[in-house]
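S.K.: Please find start36.cif (mmCIF, C-alpha atoms) on the next line:
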data_protein
#
loop_
_atom_site.label_atom_id
_atom_site.label_comp_id
_atom_site.auth_asym_id
_atom_site.auth_seq_id
_atom_site.Cartn_x
_atom_site.Cartn_y
_atom_site.Cartn_z
CA GLU A 115 14.31 12.89 6.14
CA ALA A 116 14.15 11.65 2.56
CA GLY A 117 11.74 8.85 3.34
CA VAL A 118 11.89 5.53 1.55
CA VAL A 119 13.98 5.84 -1.60
CA GLN A 120 13.46 3.70 -4.67
CA SER A 121 15.23 3.54 -8.00
CA PRO A 122 14.72 3.61 -10.83
CA ARG A 123 11.40 5.42 -10.93
CA TYR A 124 10.58 4.05 -14.37
CA LYS A 125 11.85 1.09 -16.32
CA ILE A 126 10.92 -0.16 -19.77
CA ILE A 127 12.27 -3.50 -20.91
CA GLU A 128 11.49 -6.18 -23.43
CA LYS A 129 10.11 -9.50 -22.28
CA LYS A 130 12.65 -12.11 -21.27
CA GLN A 131 15.07 -9.42 -20.10
CA PRO A 132 16.17 -9.18 -16.46
CA VAL A 133 15.36 -6.18 -14.29
CA ALA A 134 16.24 -5.09 -10.77
CA PHE A 135 14.73 -2.59 -8.39
CA TRP A 136 16.48 -1.01 -5.44
CA CYS A 137 15.06 0.26 -2.16
CA ASN A 138 16.61 2.19 0.69
CA PRO A 139 14.29 2.23 3.72
CA ILE A 140 14.03 4.91 6.36
CA SER A 141 17.02 4.80 8.67
CA GLY A 142 16.40 2.57 11.66
CA HIS A 143 13.44 0.73 10.18
CA ASN A 144 13.88 -2.98 10.72
CA THR A 145 11.00 -4.15 8.57
CA LEU A 146 11.01 -3.82 4.81
CA TYR A 147 8.24 -4.78 2.40
CA TRP A 148 8.01 -5.21 -1.35
CA TYR A 149 4.58 -4.84 -2.92
CA ARG A 150 3.34 -5.14 -6.48
CA GLN A 151 0.51 -2.90 -7.62
CA ASN A 152 -1.22 -3.83 -10.85
CA LEU A 153 -3.16 -1.19 -12.74
CA GLY A 154 -6.46 -0.40 -11.05
CA GLN A 155 -5.72 -2.53 -8.00
CA GLY A 156 -4.34 -2.10 -4.52
CA PRO A 157 -0.81 -3.11 -3.53
CA GLU A 158 -0.17 -6.81 -2.94
CA LEU A 159 2.61 -7.99 -0.67
CA LEU A 160 5.41 -9.91 -2.34
CA ILE A 161 7.92 -10.28 0.49
CA ARG A 162 8.61 -8.97 3.98
CA TYR A 163 11.99 -8.70 5.69
CA GLU A 164 12.77 -8.42 9.37
CA ASN A 165 16.32 -7.07 9.26
CA GLU A 166 18.07 -9.34 6.76
CA GLU A 167 15.70 -12.27 7.12
CA ALA A 168 12.87 -12.88 4.67
CA VAL A 169 10.07 -13.86 7.05
CA ASP A 170 7.19 -13.92 4.58
CA ASP A 171 7.77 -14.63 0.90
CA SER A 172 4.72 -16.78 0.27
CA GLN A 173 3.43 -14.42 -2.43
CA LEU A 174 6.73 -14.11 -4.28
CA PRO A 175 6.76 -16.03 -7.60
CA LYS A 176 9.97 -17.82 -6.91
CA ASP A 177 10.52 -19.15 -10.39
CA ARG A 178 11.45 -15.72 -11.69
CA PHE A 179 11.48 -13.33 -8.74
CA SER A 180 14.20 -13.01 -6.14
CA ALA A 181 14.98 -10.51 -3.42
CA GLU A 182 17.76 -9.83 -1.01
CA ARG A 183 18.55 -7.58 1.93
CA LEU A 184 22.06 -8.64 2.71
CA LYS A 185 23.01 -6.18 5.45
CA GLY A 186 19.53 -5.59 6.75
CA VAL A 187 19.30 -2.13 5.20
CA ASP A 188 18.97 -1.74 1.41
CA SER A 189 17.07 -4.29 -0.58
CA THR A 190 16.96 -5.40 -4.21
CA LEU A 191 14.11 -7.09 -6.00
CA LYS A 192 14.93 -8.90 -9.23
CA ILE A 193 12.89 -10.41 -12.03
CA GLN A 194 14.57 -12.77 -14.46
CA PRO A 195 13.23 -13.22 -17.03
CA ALA A 196 10.48 -10.61 -17.13
CA GLU A 197 7.11 -11.41 -18.67
CA LEU A 198 4.44 -9.14 -20.09
CA GLY A 199 2.28 -9.72 -17.02
CA ASP A 200 4.98 -8.31 -14.75
CA SER A 201 4.14 -4.78 -15.86
CA ALA A 202 3.13 -3.00 -12.66
CA VAL A 203 4.29 -0.55 -10.04
CA TYR A 204 6.67 -2.10 -7.51
CA LEU A 205 6.43 -0.44 -4.13
CA CYS A 206 8.84 -0.65 -1.26
CA ALA A 207 7.76 0.20 2.27
CA SER A 208 9.38 0.16 5.67
CA SER A 209 8.22 0.29 9.26
CA PRO A 210 10.06 0.71 12.56
CA HIS A 211 8.57 -2.29 14.34
CA PRO A 212 7.36 -5.75 13.33
CA GLY A 213 3.86 -4.85 14.26
CA ALA A 214 3.36 -4.21 17.92
CA GLY A 215 2.01 -0.98 19.34
CA GLU A 216 1.16 2.27 17.66
CA ASP A 217 4.09 2.19 15.24
CA ARG A 218 2.45 -0.22 12.83
CA LYS A 219 2.53 2.49 10.20
CA GLN A 220 4.19 1.60 6.94
CA TYR A 221 6.04 4.29 5.04
CA PHE A 222 5.95 3.87 1.29
CA GLY A 223 8.43 4.79 -1.38
CA PRO A 224 7.42 6.41 -4.67
CA GLY A 225 7.50 3.10 -6.51
CA THR A 226 9.11 1.85 -9.69
CA ARG A 227 6.82 1.67 -12.70
CA LEU A 228 7.83 -1.31 -14.84
CA THR A 229 6.66 -1.71 -18.41
CA VAL A 230 7.44 -4.97 -20.16
CA LEU A 231 7.08 -4.84 -23.94
CA ALA B 173 -7.77 -15.61 4.51
CA GLN B 174 -8.21 -11.89 4.75
CA ARG B 175 -9.89 -9.79 2.11
CA VAL B 176 -10.77 -6.13 1.68
CA THR B 177 -13.41 -4.94 -0.75
CA GLN B 178 -13.95 -1.40 -1.94
CA PRO B 179 -17.04 -1.60 -4.13
CA GLU B 180 -16.66 1.78 -5.80
CA LYS B 181 -13.82 2.39 -8.24
CA LEU B 182 -14.81 6.02 -8.65
CA LEU B 183 -16.73 8.43 -6.49
CA SER B 184 -17.48 11.90 -7.80
CA VAL B 185 -19.01 14.60 -5.60
CA PHE B 186 -19.30 18.36 -5.57
CA LYS B 187 -17.35 20.53 -3.18
CA GLY B 188 -19.15 20.83 0.13
CA ALA B 189 -21.09 17.60 -0.30
CA PRO B 190 -20.75 14.71 2.17
CA VAL B 191 -18.48 11.84 1.23
CA GLU B 192 -18.56 8.18 2.18
CA LEU B 193 -16.04 5.74 0.78
CA LYS B 194 -17.09 2.18 1.45
CA CYS B 195 -14.87 -0.59 2.74
CA ASN B 196 -15.87 -4.10 3.70
CA TYR B 197 -13.55 -6.75 5.01
CA SER B 198 -13.37 -10.46 5.65
CA TYR B 199 -11.17 -11.73 8.45
CA SER B 200 -11.60 -14.41 11.07
CA GLY B 201 -9.63 -12.64 13.78
CA SER B 202 -9.84 -9.20 15.33
CA PRO B 203 -8.81 -6.81 12.57
CA GLU B 204 -6.81 -3.64 12.56
CA LEU B 205 -8.10 -1.35 9.84
CA PHE B 206 -6.43 1.53 8.06
CA TRP B 207 -7.14 4.06 5.36
CA TYR B 208 -4.26 5.03 3.07
CA VAL B 209 -4.39 7.89 0.59
CA GLN B 210 -2.41 8.69 -2.52
CA TYR B 211 -2.61 12.24 -3.87
CA SER B 212 -1.63 12.96 -7.45
CA ARG B 213 2.11 12.51 -7.98
CA GLN B 214 2.67 11.66 -4.33
CA ARG B 215 3.41 8.43 -2.55
CA LEU B 216 0.97 6.28 -0.66
CA GLN B 217 0.57 7.50 2.91
CA LEU B 218 -1.42 6.61 5.98
CA LEU B 219 -4.55 8.71 6.48
CA LEU B 220 -5.95 7.17 9.63
CA ARG B 221 -6.20 3.97 11.63
CA HIS B 222 -9.21 2.73 13.55
CA ILE B 223 -7.36 2.10 16.83
CA SER B 224 -6.51 5.77 17.10
CA ARG B 225 -10.12 6.90 16.71
CA GLU B 226 -8.81 10.10 15.20
CA SER B 227 -10.08 12.58 12.67
CA ILE B 228 -7.57 13.51 10.02
CA LYS B 229 -8.29 16.30 7.53
CA GLY B 230 -11.93 16.06 8.57
CA PHE B 231 -12.14 12.35 7.75
CA THR B 232 -13.36 9.75 10.21
CA ALA B 233 -13.91 6.01 9.98
CA ASP B 234 -15.75 3.73 12.36
CA LEU B 235 -15.15 0.02 12.56
CA ASN B 236 -18.45 -1.86 12.46
CA LYS B 237 -17.69 -5.47 13.32
CA GLY B 238 -21.30 -6.54 12.86
CA GLU B 239 -21.32 -5.35 9.27
CA THR B 240 -17.58 -5.97 8.79
CA SER B 241 -17.20 -2.47 7.45
CA PHE B 242 -14.83 0.46 7.89
CA HIS B 243 -16.32 3.24 5.80
CA LEU B 244 -14.48 6.54 5.45
CA LYS B 245 -16.58 9.66 5.89
CA LYS B 246 -16.27 13.40 5.62
CA PRO B 247 -19.20 15.79 6.04
CA PHE B 248 -18.01 18.45 3.60
CA ALA B 249 -15.67 17.44 0.78
CA GLN B 250 -12.94 19.79 -0.42
CA GLU B 251 -11.26 19.87 -3.82
CA GLU B 252 -7.94 18.94 -2.22
CA ASP B 253 -9.50 15.68 -1.05
CA SER B 254 -9.37 14.39 -4.61
CA ALA B 255 -7.12 11.33 -4.50
CA MET B 256 -6.99 7.54 -4.49
CA TYR B 257 -8.11 6.01 -1.21
CA TYR B 258 -7.19 2.51 -0.13
CA CYS B 259 -8.67 0.60 2.77
CA ALA B 260 -6.29 -1.90 4.36
CA LEU B 261 -6.54 -4.66 6.95
CA GLU B 262 -3.72 -5.88 9.15
CA ASN B 263 -3.69 -9.37 10.61
CA ASN B 264 -3.43 -10.09 14.33
CA ALA B 265 0.28 -10.79 14.12
CA GLY B 266 0.75 -7.31 12.75
CA ASN B 267 2.85 -8.50 9.88
CA MET B 268 0.56 -8.59 6.87
CA LEU B 269 -1.33 -5.70 5.33
CA THR B 270 -4.04 -6.48 2.77
CA PHE B 271 -5.29 -3.65 0.61
CA GLY B 272 -8.57 -3.12 -1.14
CA GLY B 273 -8.68 -2.19 -4.80
CA GLY B 274 -8.97 1.51 -4.09
CA THR B 275 -11.54 4.22 -4.76
CA ARG B 276 -10.77 7.33 -6.73
CA LEU B 277 -12.45 10.35 -5.16
CA MET B 278 -13.06 13.32 -7.41
CA VAL B 279 -14.31 16.50 -5.80
CA LYS B 280 -15.66 18.92 -8.36
CA PRO B 281 -15.77 22.69 -7.81
#
Could you take the file, read its structure, and then write that structure out as structure tokens?
M.R.:
Amino acid sequence: EAGVVQSPRYKIIEKKQPVAFWCNPISGHNTLYWYRQNLGQGPELLIRYENEEAVDDSQLPKDRFSAERLKGVDSTLKIQPAELGDSAVYLCASSPHPGAGEDRKQYFGPGTRLTVL
Amino acid sequence: AQRVTQPEKLLSVFKGAPVELKCNYSYSGSPELFWYVQYSRQRLQLLLRHISRESIKGFTADLNKGETSFHLKKPFAQEEDSAMYYCALENNAGNMLTFGGGTRLMVKP
């Protein structure tokens, strides 16, 4: 089992450029999360998907951020245009159930480290 | 609103010494608390959850609702315990995880 896969692992771009991150969750996991982790801080939820539906995107800056999970499996997070303050690690996580029972555990990917110059 | 506070950014102890990583939370409902750990060059992973009342790698954590705390403890620290530790709170709906800022534990030989 490869676990949650993310690509790229690192990305350096200039401000105002677009960037996209890709996530492949663990097979069979219905719930997918995107987090942003700023330097020296814990992860902060950006958006949560239940299958292909975005059920919580209240923390997603919608003026420049967008996400999709068209077939309820892979997901893409996009920033357009990127700003200096977007430099962070973007984490993807998945879990098998929406939250009930013992399987509330979230499995995290390795993250994508974005540097905006 | 839910909030998790880890007051220590860095905790440095010698091998064999007891360890306590502090976590305080703010939540109006009945919380589910977790500790996540990230070892060097590895991904974030679940260490333990309070509902399981388990001991993982010698670590335990007790939920104290009166003090709204969920401190992580280990009686004898090992060098391999060196890592970033994050306390996290899940809301009653089970759909939102809020993390603290993390504590870096350094265990010196």
S.K.: Taking the file as I've supplied it (selection: the PyMOL selection byres ((chain A) within 6 of (chain B))), which residues are included? Please answer as number ranges by chain.
M.R.: A: 155-156, 213, 222, 224
S.K.: As a PyMOL selection string, please: the residues near Asn165 (chain A) (cut-off 7 Å, all atoms listed in the file, same-chain neighbours under 4 positions excluded).
M.R.: chain A and resi 144-145+186
S.K.: Would you work out the distance separating CA of Asp253 (chain B) from CA of Ser209 (chain A), expressed in Å to one decimal?
M.R.: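 Between CA of Asp253 (chain B) and CA of Ser209 (chain A) the gap is 25.6 Å.
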S.K.: For Pro247 (chain B), which residue out of B:Pro190, B:Pro203, B:Pro281, B:Gly230 is the nearest one, using all atoms listed in the file?
M.R.: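 So, comparing all the options, the nearest one is B:Pro190.
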S.K.: Which residue gives the smallest distance to Ser184 (chain B) among B:Ala255, B:Leu219, B:Leu205, B:Leu277, with only C-alpha atoms counted?
M.R.: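 So, comparing all the options, the nearest one is B:Leu277.
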S.K.: Can you translate the PyMOL selection byres ((chain A and resi 149-152) around 8) into the concrete residues it hits in this file, as a PyMOL selection string?
M.R.: chain A and resi 147-148+153-161+201-207
S.K.: Nearest to Pro175 (chain A) among A:Asp200, A:Ala134, A:Val187, A:Gly142, with distances taken over all atoms listed in the file: which residue is it?
M.R.: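 The answer is A:Asp200, which sits nearest to Pro175 (chain A).
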S.K.: So what does the PyMOL selection byres ((chain A and resi 121) around 12) actually pick up in this one, as an mmCIF file with C-alpha atoms, keeping the file's coordinate frame?
M.R.:
data_model
loop_
_atom_site.group_PDB
_atom_site.id
_atom_site.type_symbol
_atom_site.label_atom_id
_atom_site.label_comp_id
_atom_site.auth_asym_id
_atom_site.auth_seq_id
_atom_site.Cartn_x
_atom_site.Cartn_y
_atom_site.Cartn_z
ATOM 1 C CA VAL A 118 11.890 5.530 1.550
ATOM 2 C CA VAL A 119 13.980 5.840 -1.600
ATOM 3 C CA GLN A 120 13.460 3.700 -4.670
ATOM 4 C CA PRO A 122 14.720 3.610 -10.830
ATOM 5 C CA ARG A 123 11.400 5.420 -10.930
ATOM 6 C CA TYR A 124 10.580 4.050 -14.370
ATOM 7 C CA LYS A 125 11.850 1.090 -16.320
ATOM 8 C CA VAL A 133 15.360 -6.180 -14.290
ATOM 9 C CA ALA A 134 16.240 -5.090 -10.770
ATOM 10 C CA PHE A 135 14.730 -2.590 -8.390
ATOM 11 C CA TRP A 136 16.480 -1.010 -5.440
ATOM 12 C CA CYS A 137 15.060 0.260 -2.160
ATOM 13 C CA ASN A 138 16.610 2.190 0.690
ATOM 14 C CA PRO A 139 14.290 2.230 3.720
ATOM 15 C CA ASP A 188 18.970 -1.740 1.410
ATOM 16 C CA SER A 189 17.070 -4.290 -0.580
ATOM 17 C CA THR A 190 16.960 -5.400 -4.210
ATOM 18 C CA LEU A 191 14.110 -7.090 -6.000
ATOM 19 C CA VAL A 203 4.290 -0.550 -10.040
ATOM 20 C CA TYR A 204 6.670 -2.100 -7.510
ATOM 21 C CA LEU A 205 6.430 -0.440 -4.130
ATOM 22 C CA CYS A 206 8.840 -0.650 -1.260
ATOM 23 C CA GLY A 223 8.430 4.790 -1.380
ATOM 24 C CA PRO A 224 7.420 6.410 -4.670
ATOM 25 C CA GLY A 225 7.500 3.100 -6.510
ATOM 26 C CA THR A 226 9.110 1.850 -9.690
ATOM 27 C CA ARG A 227 6.820 1.670 -12.700
ATOM 28 C CA LEU A 228 7.830 -1.310 -14.840
#
S.K.: Could you tell me how far CA of Phe179 (chain A) lies from CA of Glu197 (chain A), in Å and to one decimal?
M.R.: 11.0 Å
S.K.: Work out how far CA of Leu183 (chain B) is from CA of Asn236 (chain B), in Å to one decimal.
M.R.: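 CA of Leu183 (chain B) lies 21.6 Å from CA of Asn236 (chain B).
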S.K.: Within 6 Å of (-12.0, 2.9, 2.2), in the coordinates the file gives, what residues turn up when you count all atoms listed in the file, written out as a PDB file with C-alpha atoms, keeping the file's coordinate frame?
M.R.:
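File written: part-v3.pdb
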ATOM      1  CA  LEU B 193     -16.040   5.740   0.780  1.00  0.00           C
ATOM      2  CA  LYS B 194     -17.090   2.180   1.450  1.00  0.00           C
ATOM      3  CA  CYS B 195     -14.870  -0.590   2.740  1.00  0.00           C
ATOM      4  CA  TRP B 207      -7.140   4.060   5.360  1.00  0.00           C
ATOM      5  CA  HIS B 243     -16.320   3.240   5.800  1.00  0.00           C
ATOM      6  CA  LEU B 244     -14.480   6.540   5.450  1.00  0.00           C
ATOM      7  CA  TYR B 258      -7.190   2.510  -0.130  1.00  0.00           C
ATOM      8  CA  CYS B 259      -8.670   0.600   2.770  1.00  0.00           C
TER       9      CYS B 259
END
S.K.: With a distance cut-off of 8 Å and all atoms listed in the file, select the neighbouring residues of Lys245 (chain B), excluding the residue or stretch itself and same-chain residues fewer than 3 positions from it, and output the selection as a CSV table (one decimal) with C-alpha atoms, in the frame of the given file.
M.R.:
chain,number,residue,atom,x,y,z
B,190,PRO,CA,-20.8,14.7,2.2
B,191,VAL,CA,-18.5,11.8,1.2
B,192,GLU,CA,-18.6,8.2,2.2
B,193,LEU,CA,-16.0,5.7,0.8
B,231,PHE,CA,-12.1,12.4,7.8
B,232,THR,CA,-13.4,9.8,10.2
B,233,ALA,CA,-13.9,6.0,10.0
